[in-house]
>>> print(open('input12.txt').read())   # compact mmCIF, C-alpha atoms
# COMPACT_ATOMS: atom_id res chain seq x y z
CA MET A 1010 77.78 151.94 130.66
CA ALA A 1011 78.63 153.75 127.43
CA LYS A 1012 75.72 154.97 125.36
CA ARG A 1013 75.49 153.11 122.06
CA LEU A 1014 75.16 155.15 118.90
CA SER A 1015 71.98 154.61 116.95
CA LEU A 1016 72.23 152.62 113.76
CA GLN A 1017 70.00 155.18 112.01
CA LEU A 1018 71.10 158.59 110.77
CA PHE A 1019 68.94 161.61 109.97
CA VAL A 1020 70.04 163.46 106.81
CA SER A 1021 68.67 166.97 106.19
CA ARG A 1022 68.84 169.65 103.47
CA LEU A 1023 68.86 167.11 100.63
CA SER A 1024 68.06 168.18 97.10
CA SER A 1025 64.45 167.63 96.07
CA PHE A 1026 65.83 165.55 93.21
CA THR A 1027 67.55 163.01 95.49
CA ASN A 1028 65.86 159.59 95.54
CA ASN A 1029 66.23 156.52 97.78
CA GLU A 1030 68.77 154.80 95.52
CA GLN A 1031 70.97 157.90 95.28
CA LEU A 1032 70.87 158.30 99.06
CA LYS A 1033 71.91 154.68 99.52
CA ARG A 1034 74.75 155.05 96.99
CA MET A 1035 75.92 158.24 98.71
CA PHE A 1036 76.23 156.53 102.10
CA SER A 1037 77.30 152.99 101.09
CA PRO A 1038 81.07 153.72 100.98
CA PHE A 1039 81.00 153.88 104.78
CA GLY A 1040 79.40 150.49 105.42
CA ASP A 1041 76.50 148.15 104.80
CA VAL A 1042 73.37 150.32 104.35
CA THR A 1043 70.29 148.28 105.27
CA GLU A 1044 67.82 151.07 104.42
CA ALA A 1045 67.92 154.51 102.80
CA ARG A 1046 64.62 156.35 102.76
CA ILE A 1047 63.67 159.84 101.56
CA VAL A 1048 60.60 161.25 103.30
CA VAL A 1049 57.91 162.40 100.85
CA ASP A 1050 54.82 164.55 101.27
CA ARG A 1051 51.71 162.38 101.48
CA ILE A 1052 49.63 164.62 99.26
CA THR A 1053 52.07 165.79 96.57
CA GLN A 1054 54.43 162.78 96.73
CA ARG A 1055 57.35 165.22 96.45
CA PRO A 1056 60.48 164.75 98.60
CA LYS A 1057 60.58 166.89 101.75
CA GLY A 1058 64.37 167.32 101.62
CA PHE A 1059 65.31 164.92 104.40
CA GLY A 1060 65.66 161.21 104.93
CA PHE A 1061 67.06 158.38 107.00
CA VAL A 1062 69.96 155.99 106.46
CA THR A 1063 70.27 152.80 108.52
CA TYR A 1064 73.46 150.78 108.93
CA LYS A 1065 74.13 147.26 110.17
CA SER A 1066 76.57 148.50 112.83
CA ASP A 1067 77.02 151.61 114.93
CA VAL A 1068 80.70 151.79 113.86
CA GLU A 1069 79.64 152.21 110.23
CA ALA A 1070 77.02 154.81 111.19
CA GLN A 1071 79.62 156.79 113.15
CA LYS A 1072 82.02 156.69 110.19
CA ALA A 1073 79.31 158.00 107.83
CA LEU A 1074 78.26 160.69 110.30
CA LYS A 1075 81.80 162.06 110.54
CA ALA A 1076 82.42 161.89 106.79
CA MET A 1077 79.10 163.23 105.47
CA ASN A 1078 78.03 165.89 107.98
CA GLY A 1079 78.61 169.33 106.44
CA ARG A 1080 79.42 167.98 102.98
CA MET A 1081 78.26 169.58 99.73
CA VAL A 1082 76.00 167.21 97.76
CA ASP A 1083 74.27 168.29 94.55
CA GLY A 1084 75.12 171.91 95.32
CA ARG A 1085 73.59 171.76 98.82
CA LEU A 1086 75.23 171.64 102.23
CA ILE A 1087 73.78 168.57 103.96
CA PHE A 1088 73.67 167.83 107.67
CA VAL A 1089 73.83 164.35 109.20
CA GLU A 1090 72.98 163.52 112.79
CA VAL A 1091 71.93 160.54 114.86
CA ALA A 1092 68.22 159.89 114.35
CA GLN A 1093 66.09 160.21 117.46
CA ASN A 1094 63.50 157.50 117.94
CA GLN A 1095 60.14 158.11 119.65
CA LYS A 1096 61.24 156.62 122.99
CA GLN A 1097 64.36 158.80 123.21
CA GLU A 1098 62.27 161.93 122.51
CA GLU A 1099 59.73 161.03 125.21
CA ASP A 1100 62.51 160.37 127.74
CA THR A 1101 64.06 163.80 127.14
CA LYS A 1102 60.69 165.56 127.57
CA SER A 1103 59.94 164.09 130.99
>>> encode(input="input12.txt", output="structure tokens")
Amino acid sequence: MAKRLSLQLFVSRLSSFTNNEQLKRMFSPFGDVTEARIVVDRITQRPKGFGFVTYKSDVEAQKALKAMNGRMVDGRLIFVEVAQNQKQEEDTKS
């Protein structure tokens, strides 16, 4: 059975000025974005420079991954990869 691509993408090296709405706008040309979330520091509330984008379908996520990985955004080279969930990480460790 073919392994299904995750619907969630991990986006790293984002500008500290990027917010959730900008992230969603950046990835929406490739499909229906159900969630775009920048991770922030709990204490300072400043963005950590990475986030997650979730799509309705794996086809849309794959399209965004191919188009956005290695692209320059706000003067920074960003990287996009399939997000690993907790269960996948535990399976690879054992």
>>> closest_residue(input="input12.txt", among="A:Glu1030, A:Pro1038, A:Val1048, A:Gly1058", to="Arg1085 of chain A", atoms="all atoms listed in the file")
A:Gly1058
>>> residues_around(input="input12.txt", residues="Ala1076 of chain A", least_positions_apart="5", cutoff="10 Å", atoms="only C-alpha atoms", output="PyMOL selection string")
chain A and resi 1036+1039+1070-1071+1089
>>> atom_distance(input="input12.txt", atom1="atom CA of Asn1078 of chain A", atom2="atom CA of Leu1023 of chain A")
11.8 Å
>>> residues_around(input="input12.txt", residues="Gln1031 of chain A", least_positions_apart="2", cutoff="12 Å", atoms="all atoms listed in the file", output="list in words")
Leu1023, Ser1024, Ser1025, Phe1026, Thr1027, Asn1028, Asn1029, Lys1033, Arg1034, Met1035, Phe1036, Ser1037, Glu1044, Ala1045, Arg1046, Ile1047, Gly1060, Val1062, Val1082 and Asp1083 of chain A
>>> residues_around(input="input12.txt", residues="Val1068 of chain A", least_positions_apart="6", cutoff="12 Å", atoms="all atoms listed in the file", output="list in words")
Arg1013, Leu1014, Ser1015, Leu1016, Gln1017, Phe1039, Gly1040, Asp1041, Leu1074 and Lys1075 of chain A
>>> atom_distance(input="input12.txt", atom1="atom CA of Gly1079 of chain A", atom2="atom CA of Arg1055 of chain A")
23.8 Å
>>> atom_distance(input="input12.txt", atom1="atom CA of Ile1052 of chain A", atom2="atom CA of Ala1092 of chain A")
24.4 Å
>>> closest_residue(input="input12.txt", among="A:Thr1043, A:Met1077, A:Arg1051, A:Gly1084", to="Thr1063 of chain A", atoms="all atoms listed in the file")
A:Thr1043
>>> closest_residue(input="input12.txt", among="A:Asp1067, A:Val1042, A:Phe1061, A:Leu1032", to="Leu1018 of chain A", atoms="all atoms listed in the file")
A:Phe1061
>>> closest_residue(input="input12.txt", among="A:Phe1088, A:Gln1093, A:Arg1022, A:Glu1069", to="Lys1057 of chain A", atoms="all atoms listed in the file")
A:Arg1022
